[in-house]
Amino acid sequence: MIKRILFIAFVFFSSSILLAQTTITGTVKDAKTGDLLPGANIKITGKAVGTTTDFDGNFTLKTTEKPPFTIEISMLGFKTTKVEITKNRQKVEVTITENATSLDEIVVSASRTPERIMESPVTIERLDARAIKNTSAVSFYDGLENLKGVDVNTNSLTFKSVNTRGFATFTNTRFMQLVDGMDNSSPALNFALGNLLGMSELDVKTVELLPGASSALYGANAFNGIMFMTSRNPFDDQGISVSYKTGVMMQQAGGDNMFYDTSIRMAYAFSEKFAAKATLSYLKGTEWYATDYRNTKDGKYAPGTRETDLAYDGLNVYGDEVATNIGAAAGIGIVPNVVVSRTGYNEIDLMSYDDTKSLKFNGSLNYRPYGNDKLEISWNSKFGMGNTIYQGLNRYNIKNFFMEQHKLEVRGTTFFVRGYMTNEDAGDSYDTRFAAININRAWKSDADWFGTYINTYAGASFSGATSEQAHAAARAAAENGRLLPGTSGFIAAFNKVTSDPNLVTGSKFQDNT
C-alpha cells in the first residue's frame with residue numbers, strides 16, 4: 001500500500017514541469033509592524049493565475065503572461081494592494097495595510113455558501129495561515145485547542161479528538177469533520193481519527209469551526225458542532241513547499257525516542273484553464289508507554305495489587321476482567337465466597353509502541369473552462385494509512401489502517417455539485433482487551449482455570465493451610481504452563497487471536513467498507 005501511495009505521488013510530482021516564461025519574486029509585509037506575512041494571496045489581475053506567500057512571507061510567481069501586467073496582493077484582514085509588473089524577473093517588496101475590522105472575512109461553513117463573518121447566523125471560530133504560523137502548538141490540529149470553546153482530547157500521539165460545547169469525549173460521534181467538503185469520519189467507527197488521515201499542514205488554507213449545533217445543514221452527526229478544513233487551490237497557491245519537524249520524546253518508561261514529521265506540497269497552473277497539485281506527508285514516532293497498573297473497581301482507583309487483591313483489575317492490564325465467585329462456583333463450604341480474577345497481560349506486552357506512523361497523500365486536478373473562477377471542475381483524491389491507538393470502551397491498536405476518498409466537484413460562483421466516495425480497510429487492527437482474554441482462553445479455558453483454582457484451594461485448606469497460603473497455591477497451580485510474553489507459544493497465540501474477527505475466540509477489528 002505504501003508503494004501505491006508513493007507511486008501516485010511520483011506521478012503527480014513528475015508531471016509538474018516548468019513552462020512559465022515570466023518569474024516574479026518578492027515579499028509581503030505588514031505596513032504597521034514590518035512583520036513578514038505568510039498566507040498572503042498574489043494573483044494576476046483578471047487571470048486565474050496566482051500563488052501565496054510561504055511561512056517567511058516570500059513568494060515566487062511563474063506565468064506565461066508577458067509584461068506589462070498587474071498583480072493583486074490580498075489577505076484576510078488586510079486591504080488589497082496592486083503592483084505593476086513591467087519586466088521579467090522583477091522583484092517586488094509589498095506592504096499591505098490592516099483593515100480596521102476583521103468582520104469582512106469570508107466564511108463558508110455557516111450556511112454552505114460564501115458570506116461575510118459578520119453576516120453569519122452562528123458563531124464561527126477561524127484559523128488561517130497567519131494563525132497557524134503563530135500558534136505555539138506542534139501542528140495546526142493541536143492549535144485548534146486555542147480556539148474559544150474547543151477542547152482537544154489526546155488518545156495517542158497521532159489520534160486527537162476535537163470536542164466543543166463541553167462534550168469532552170474521546171469518540172465524539174456527534175461532531176463532524178469535513179475536509180474539502182468530504183466527511184472525514186471512519187465509516188466503521190463513525191467518527192474522525194483526528195488528523196491521522198486528514199490534511200497536510202502545508203495545504204491548509206483555512207479551518208472553520210462551528211461550536212454549536214449544525215444539524216440543519218450537515219445532518220445529525222453535526223449536533224455537537226462541525227469543523228470545515230479547506231485546502232489551497234492550485235490556481236491560487238502555486239510552487240513547492242517543504243516542511244520538516246523533528247524532536248525527542250522523553251519518557252521514563254520508554255526512554256528517549258526521535259520524532260519526525262515531514263511534508264512536501266507541489267502545485268502548478270499549466271495555463272489559465274488547467275492546474276494540479278500534490279501533497280505528501282509522513283510522520284514517525286513512539287507512543288507514550290501505558291505503565292500505570294493501579295488497581296480499579298467500578299471505574300475508580302482502588303487499593304491493592306495482583307499479590308494482595310484476589311479480584312485485581314489493573315488499569316493497563318487486560319484479561320484480568322474475567323473473574324468469578326469461587327465459593328458460588330464450588331458449592332462447598334470450605335471454599336469462601338470471594339471473587340477471583342484471572343491473571344492478565346500488561347498493555348506493553350500486547351502493543352508495539354515504537355511503530356507509530358502516518359502517511360498521507362492528496363492530489364487534485366482542476367479545470368476552469370472559461371479561464372476564470374466563475375466555473376471550476378475538480379477531481380480530488382486523498383489516501384491515508386497509519387498506526388495509532390484508539391481509546392474507547394476498550395483499547396484498540398489501530399494498525400495498518402487505510403482510508404481513501406475521491407471527489408468530483410463542479411463549482412460556480414453561486415452553486416456547487418459534489419459527489420464523493422470513501423473506502424476503508426481496518427488492516428491488522430485489534431482490540432487489546434479481547435486479545436488478552438482470548439490468549440488466556442486459547443491456553444486454558446475459564447472453566448479449567450477456575451476448576452484448578454478451586455480444587456487446589458480446597459485441597460490446601462484440608463491440609464491445614466491458611467486462607468492466604470491456599471489462595472497462593474491455587475493461583476500457582478492454575479497458572480502452571482501459562483503463556484509468557486516473548487515466548488514462541490505466546491507469539492503464536494497472539495498472532496492467531498489478533499487475526500480472528502470472532503470476539504469469542506479472537507480480537508481482530510475487521511472492516512472493509
# chains A, B, ... in the order shown; residues from 1 in each chain; ligands from 1
$ select_by_dssp --residues "region 298-442 of chain A" --states "strand (DSSP E)" --output "JSON, numbers by chain"
{"A": [300, 301, 317, 318, 323, 324, 325, 339, 340, 341, 345, 346, 356, 357, 358, 359, 360, 361, 362, 363, 364, 365, 366, 367, 375, 376, 377, 378, 379, 380, 381, 382, 383, 384, 385, 386, 387, 388, 389, 390, 391, 395, 396, 397, 398, 399, 400, 401, 402, 403, 404, 405, 406, 407, 408, 409, 410, 411, 412, 416, 417, 418, 419, 420, 421, 422, 423, 424, 425, 430, 431]}
$ residues_around --residues "Ile226 (chain A)" --least-positions-apart "6" --cutoff "7 Å" --atoms "only C-alpha atoms" --output "JSON, numbers by chain"
{"A": [175, 176, 177, 209, 210, 211, 214]}
$ write_last_selection --atoms "N, CA and C atoms" --output "PDB file, in the first residue's frame"
ATOM      1  N   PHE A 175     -19.820  15.027  16.336  1.00  0.00           N
ATOM      2  CA  PHE A 175     -19.032  16.142  15.812  1.00  0.00           C
ATOM      3  C   PHE A 175     -18.532  15.762  14.421  1.00  0.00           C
ATOM      4  N   MET A 176     -18.770  16.614  13.431  1.00  0.00           N
ATOM      5  CA  MET A 176     -18.420  16.292  12.045  1.00  0.00           C
ATOM      6  C   MET A 176     -17.158  17.031  11.619  1.00  0.00           C
ATOM      7  N   GLN A 177     -16.310  16.336  10.889  1.00  0.00           N
ATOM      8  CA  GLN A 177     -15.074  16.915  10.362  1.00  0.00           C
ATOM      9  C   GLN A 177     -15.082  16.780   8.842  1.00  0.00           C
ATOM     10  N   LEU A 209     -14.588  26.466  12.408  1.00  0.00           N
ATOM     11  CA  LEU A 209     -15.190  25.586  13.404  1.00  0.00           C
ATOM     12  C   LEU A 209     -16.443  26.225  13.974  1.00  0.00           C
ATOM     13  N   LEU A 210     -17.537  25.487  13.893  1.00  0.00           N
ATOM     14  CA  LEU A 210     -18.810  25.918  14.468  1.00  0.00           C
ATOM     15  C   LEU A 210     -19.039  25.132  15.751  1.00  0.00           C
ATOM     16  N   PRO A 211     -18.910  25.747  16.899  1.00  0.00           N
ATOM     17  CA  PRO A 211     -19.061  25.010  18.154  1.00  0.00           C
ATOM     18  C   PRO A 211     -20.504  24.688  18.512  1.00  0.00           C
ATOM     19  N   SER A 214     -25.212  22.099  14.222  1.00  0.00           N
ATOM     20  CA  SER A 214     -25.274  22.401  12.792  1.00  0.00           C
ATOM     21  C   SER A 214     -26.074  21.345  12.054  1.00  0.00           C
TER      22      SER A 214
END
$ closest_residue --among "A:Lys29, A:Lys205, A:Lys245, A:Arg395" --to "Phe228 (chain A)" --atoms "only C-alpha atoms"
A:Lys205
$ closest_residue --among "A:Thr305, A:Ser200, A:Asn372, A:Gln251" --to "Val49 (chain A)" --atoms "only C-alpha atoms"
A:Asn372
$ atom_distance --atom1 "CA of Phe450 (chain A)" --atom2 "CA of Thr291 (chain A)"
27.6 Å
$ residues_around --residues "region 279-281 of chain A" --least-positions-apart "5" --cutoff "6 Å" --atoms "only C-alpha atoms" --output "PyMOL selection string"
chain A and resi 262-265+359-362
$ closest_residue --among "A:Asp236, A:Asp151, A:Asp203, A:Asp142" --to "Leu61 (chain A)" --atoms "only C-alpha atoms"
A:Asp236
$ closest_residue --among "A:Ala458, A:Arg294, A:Asp261, A:Asn58" --to "Ile332 (chain A)" --atoms "only C-alpha atoms"
A:Ala458
$ closest_atom_pairs --of "region 409-511 of chain A" --to "region 185-191 of chain A" --cutoff "10 Å" --atoms "only C-alpha atoms" --output "CSV"
residue,atom,partner,partner_atom,distance
A:Thr422,CA,A:Pro187,CA,8.0
A:Asn423,CA,A:Pro187,CA,8.3
A:Glu424,CA,A:Pro187,CA,7.3
A:Asp425,CA,A:Ala188,CA,9.4
A:Ala426,CA,A:Ala188,CA,8.7
A:Phe509,CA,A:Ala188,CA,9.8
A:Gln510,CA,A:Ala188,CA,9.2
A:Asp511,CA,A:Ala188,CA,6.7
$ write_last_selection --atoms "N, CA and C atoms" --output "PDB file, in the first residue's frame"
ATOM      1  N   THR A 422     -15.908   7.009  -0.143  1.00  0.00           N
ATOM      2  CA  THR A 422     -14.911   6.689   0.875  1.00  0.00           C
ATOM      3  C   THR A 422     -14.725   5.183   0.933  1.00  0.00           C
ATOM      4  N   ASN A 423     -13.485   4.767   0.945  1.00  0.00           N
ATOM      5  CA  ASN A 423     -13.153   3.346   1.083  1.00  0.00           C
ATOM      6  C   ASN A 423     -12.216   3.181   2.271  1.00  0.00           C
ATOM      7  N   GLU A 424     -12.460   2.161   3.062  1.00  0.00           N
ATOM      8  CA  GLU A 424     -11.701   1.982   4.311  1.00  0.00           C
ATOM      9  C   GLU A 424     -11.322   0.520   4.500  1.00  0.00           C
ATOM     10  N   ASP A 425     -10.145   0.305   5.047  1.00  0.00           N
ATOM     11  CA  ASP A 425      -9.680  -1.037   5.387  1.00  0.00           C
ATOM     12  C   ASP A 425      -9.009  -0.953   6.754  1.00  0.00           C
ATOM     13  N   ALA A 426      -9.533  -1.691   7.720  1.00  0.00           N
ATOM     14  CA  ALA A 426      -9.001  -1.638   9.082  1.00  0.00           C
ATOM     15  C   ALA A 426      -7.639  -2.292   9.211  1.00  0.00           C
ATOM     16  N   PHE A 509     -10.169  -6.343  14.616  1.00  0.00           N
ATOM     17  CA  PHE A 509     -11.152  -5.333  14.226  1.00  0.00           C
ATOM     18  C   PHE A 509     -11.231  -5.351  12.709  1.00  0.00           C
ATOM     19  N   GLN A 510     -12.270  -5.991  12.189  1.00  0.00           N
ATOM     20  CA  GLN A 510     -12.358  -6.219  10.754  1.00  0.00           C
ATOM     21  C   GLN A 510     -13.338  -5.257  10.111  1.00  0.00           C
ATOM     22  N   ASP A 511     -12.853  -4.563   9.067  1.00  0.00           N
ATOM     23  CA  ASP A 511     -13.730  -3.670   8.324  1.00  0.00           C
ATOM     24  C   ASP A 511     -13.125  -3.429   6.949  1.00  0.00           C
TER      25      ASP A 511
END
$ closest_atom_pairs --of "region 173-287 of chain A" --to "region 390-393 of chain A" --cutoff "12 Å" --atoms "only C-alpha atoms" --output "JSON lines"
{"residue": "A:Thr173", "atom": "CA", "partner": "A:Gly392", "partner_atom": "CA", "distance": 11.6}
{"residue": "A:Leu189", "atom": "CA", "partner": "A:Gly392", "partner_atom": "CA", "distance": 10.3}
{"residue": "A:Phe191", "atom": "CA", "partner": "A:Tyr390", "partner_atom": "CA", "distance": 11.3}
{"residue": "A:Ala192", "atom": "CA", "partner": "A:Tyr390", "partner_atom": "CA", "distance": 11.1}
{"residue": "A:Leu193", "atom": "CA", "partner": "A:Tyr390", "partner_atom": "CA", "distance": 8.4}
{"residue": "A:Gly194", "atom": "CA", "partner": "A:Tyr390", "partner_atom": "CA", "distance": 10.4}
{"residue": "A:Leu196", "atom": "CA", "partner": "A:Tyr390", "partner_atom": "CA", "distance": 11.4}
{"residue": "A:Glu287", "atom": "CA", "partner": "A:Tyr390", "partner_atom": "CA", "distance": 11.7}
$ select_by_dssp --residues "region 169-363 of chain A" --states "alpha helix (DSSP H)" --output "VMD selection string"
chain A and resid 215 to 218 326 to 330
$ write_last_selection --atoms "C-alpha atoms" --output "compact mmCIF listing (two decimals), in the first residue's frame"
# COMPACT_ATOMS: atom_id res chain seq x y z
CA SER A 215 -27.71 19.57 12.19
CA ALA A 216 -29.97 21.58 9.91
CA LEU A 217 -27.23 21.91 7.29
CA TYR A 218 -24.95 18.95 7.88
CA ILE A 326 -15.24 -19.28 43.59
CA GLY A 327 -17.49 -20.07 46.55
CA ALA A 328 -20.64 -19.96 44.46
CA ALA A 329 -18.92 -21.93 41.69
CA ALA A 330 -17.61 -24.64 44.08
$ closest_residue --among "A:Glu125, A:Asp237, A:Ile334, A:Ser358" --to "Asn195 (chain A)" --atoms "only C-alpha atoms"
A:Ser358
$ closest_residue --among "A:Glu404, A:Glu479, A:Glu347, A:Asp54" --to "Asp431 (chain A)" --atoms "only C-alpha atoms"
A:Glu347
$ residues_around --residues "Ser507 (chain A)" --least-positions-apart "4" --cutoff "12 Å" --atoms "only C-alpha atoms" --output "list in words"
Leu350, Asn394, Arg395, Tyr396, Asn397, Asp428, Ser429, Tyr430, Asp431, Thr432, Arg433, Phe434, Ala435, Ala436, Ile437, Asn438, Ile439, Ala493, Phe494, Asn495, Lys496, Val497, Thr498, Ser499, Asp500, Pro501, Asn502 and Leu503 of chain A
$ closest_atom_pairs --of "region 395-509 of chain A" --to "region 376-385 of chain A" --cutoff "6 Å" --atoms "only C-alpha atoms" --output "JSON lines"
{"residue": "A:Phe401", "atom": "CA", "partner": "A:Met385", "partner_atom": "CA", "distance": 5.3}
{"residue": "A:Phe402", "atom": "CA", "partner": "A:Met385", "partner_atom": "CA", "distance": 4.3}
{"residue": "A:Met403", "atom": "CA", "partner": "A:Gly384", "partner_atom": "CA", "distance": 5.4}
{"residue": "A:Glu404", "atom": "CA", "partner": "A:Phe383", "partner_atom": "CA", "distance": 4.4}
{"residue": "A:Gln405", "atom": "CA", "partner": "A:Lys382", "partner_atom": "CA", "distance": 5.1}
{"residue": "A:His406", "atom": "CA", "partner": "A:Ser381", "partner_atom": "CA", "distance": 4.4}
{"residue": "A:Lys407", "atom": "CA", "partner": "A:Asn380", "partner_atom": "CA", "distance": 5.1}
{"residue": "A:Leu408", "atom": "CA", "partner": "A:Trp379", "partner_atom": "CA", "distance": 4.7}
{"residue": "A:Glu409", "atom": "CA", "partner": "A:Ser378", "partner_atom": "CA", "distance": 5.4}
{"residue": "A:Val410", "atom": "CA", "partner": "A:Ile377", "partner_atom": "CA", "distance": 4.6}
{"residue": "A:Arg411", "atom": "CA", "partner": "A:Glu376", "partner_atom": "CA", "distance": 5.3}
$ atom_distance --atom1 "CA of Arg368 (chain A)" --atom2 "CA of Val83 (chain A)"
25.2 Å
$ residues_around --residues "Arg232 (chain A)" --least-positions-apart "2" --cutoff "10 Å" --atoms "only C-alpha atoms" --output "number ranges by chain"
A: 51-52, 180, 202-206, 230, 234-238, 267, 277
